[in-house]
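Written out below as structure tokens is the structure these notes cover.
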Amino acid sequence: MNIKHMQENWNKWGETDPLYAILTYPQKQGGKWQLEEFFETGTREINDVLSYVKGLGIPVPRRRALDFGCGVGRLTQALARYFNEVCGVDVAPSMIEWAQKYNCCGDRCLYFMNASDDLAIFPNDHFDFIYTNITVTYMVAPIRVSRRTLSRGSLCWRCSAAAA
């Protein structure tokens, strides 16, 4: 799927049922997610991942994190509990609009729309932690490109659709 086509699809989801587009529980289709419940799923997910990483003995600096495929900011805001600054990046303008609307972390969460097949909007060695859940199922190049944006001693964590 090319990036323009993907952007159009995700933008439509963002305009119609953005929370369901991100977490497709059948009983939540049609705007049935409660915001607090929805964002709590992100908090649990990030708590679990970072607890697992800690258990592995992998030290991760806590300066900057990237939520790749941030949608409405469910995981971006959860990451802000652990990192000084979190950038959320998404291909869909409508998702970024929702993320900015729902942002309860102020300047600690910044959202960017990126419709290119790279992460050139971010400098080299910028992030200590990159997290993506399901997004890279649709894309391959960002994993290669994301290595450029990781600082030394950092970690990129990918959840596949099967793990989500």
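The way I read the labels, and the way they are meant: chains A, B, ... in the order of the structure tokens, residue 1 as the first residue of every chain, and ligand 1 as the first ligand shown, with later ones counted on from there.
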**Q.** Sel. of helix (DSSP H, G or I) residues, chain A, as a PyMOL selection string
**A.** chain A and resi 3-16+18-22+26-28+35-55+74-79+93-102+106-108+135-137+141-149
(Q) I need the residues of chain A that end up classed as strand (DSSP E) by DSSP on the backbone, written out as a PyMOL selection string. (A) chain A and resi 64-68+85-90+109-113+127-133+150-159
Would you save the residues of that selection, restricted to C-alpha atoms, as a PDB file, in the first residue's frame?
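Resulting contents of selection-v8.pdb:
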ATOM      1  CA  ARG A  64      12.794  11.729  24.400  1.00  0.00           C
ATOM      2  CA  ALA A  65      10.486   9.055  23.034  1.00  0.00           C
ATOM      3  CA  LEU A  66       8.731   8.653  19.700  1.00  0.00           C
ATOM      4  CA  ASP A  67       5.320   7.062  19.267  1.00  0.00           C
ATOM      5  CA  PHE A  68       5.373   6.004  15.624  1.00  0.00           C
ATOM      6  CA  GLU A  85       9.287  14.735  25.913  1.00  0.00           C
ATOM      7  CA  VAL A  86       7.298  12.482  23.614  1.00  0.00           C
ATOM      8  CA  CYS A  87       6.689  13.040  19.938  1.00  0.00           C
ATOM      9  CA  GLY A  88       3.748  11.371  18.264  1.00  0.00           C
ATOM     10  CA  VAL A  89       3.859  11.018  14.500  1.00  0.00           C
ATOM     11  CA  ASP A  90       1.039   9.869  12.260  1.00  0.00           C
ATOM     12  CA  CYS A 109       3.605  15.660  24.053  1.00  0.00           C
ATOM     13  CA  LEU A 110       4.146  17.067  20.589  1.00  0.00           C
ATOM     14  CA  TYR A 111       2.307  15.767  17.540  1.00  0.00           C
ATOM     15  CA  PHE A 112       3.498  15.727  13.939  1.00  0.00           C
ATOM     16  CA  MET A 113       1.831  14.713  10.698  1.00  0.00           C
ATOM     17  CA  PHE A 127      15.163   9.673  20.514  1.00  0.00           C
ATOM     18  CA  ASP A 128      15.991   7.399  23.427  1.00  0.00           C
ATOM     19  CA  PHE A 129      13.001   5.149  22.821  1.00  0.00           C
ATOM     20  CA  ILE A 130      10.835   4.509  19.782  1.00  0.00           C
ATOM     21  CA  TYR A 131       7.598   2.612  20.241  1.00  0.00           C
ATOM     22  CA  THR A 132       5.214   1.383  17.607  1.00  0.00           C
ATOM     23  CA  ASN A 133       2.275  -0.935  17.935  1.00  0.00           C
ATOM     24  CA  LEU A 150      17.786   6.773  17.828  1.00  0.00           C
ATOM     25  CA  SER A 151      20.474   8.093  20.138  1.00  0.00           C
ATOM     26  CA  ARG A 152      23.304   5.815  21.280  1.00  0.00           C
ATOM     27  CA  GLY A 153      22.188   3.267  23.882  1.00  0.00           C
ATOM     28  CA  SER A 154      18.528   3.625  22.907  1.00  0.00           C
ATOM     29  CA  LEU A 155      15.770   1.143  22.153  1.00  0.00           C
ATOM     30  CA  CYS A 156      13.178   0.677  19.423  1.00  0.00           C
ATOM     31  CA  TRP A 157      10.259  -1.499  20.491  1.00  0.00           C
ATOM     32  CA  ARG A 158       7.837  -2.906  17.918  1.00  0.00           C
ATOM     33  CA  CYS A 159       4.635  -4.759  18.646  1.00  0.00           C
TER      34      CYS A 159
END
Q.
Env of A:Asn11: 10 Å cut, atoms = only C-alpha atoms, seq-sep filter 4 positions within chain, self excluded. Answer as a PyMOL selection string.
A. chain A and resi 5-7+15-16+18+71+90-96
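Nearest-residue note for A:Gly42: choosing from A:Arg63, A:Arg108, A:Lys54, A:Arg81, the minimum distance belongs to A:Arg81, counting only C-alpha atoms.
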Q | Nearest candidate to A:Asp107 (options A:Ile121, A:Ala80, A:Ala21, A:Val60; using only C-alpha atoms) | A |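 Looking at the shortest contact to A:Asp107, the residue is A:Ala80.
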Q: Just give me the gap between atom CA of A:Ala99 and atom CA of A:Ile58 in Å, one decimal is fine.
A: 29.7 Å
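Comparing A:Gly31, A:Glu8, A:Leu79, A:Gly106 by their smallest distance to A:Asp48, the closest is A:Leu79 (using only C-alpha atoms).
Compared by their closest atoms to A:Glu36, and using only C-alpha atoms, the residues A:Gly14, A:Arg74, A:Ser51, A:Gly57 rank with A:Arg74 nearest.
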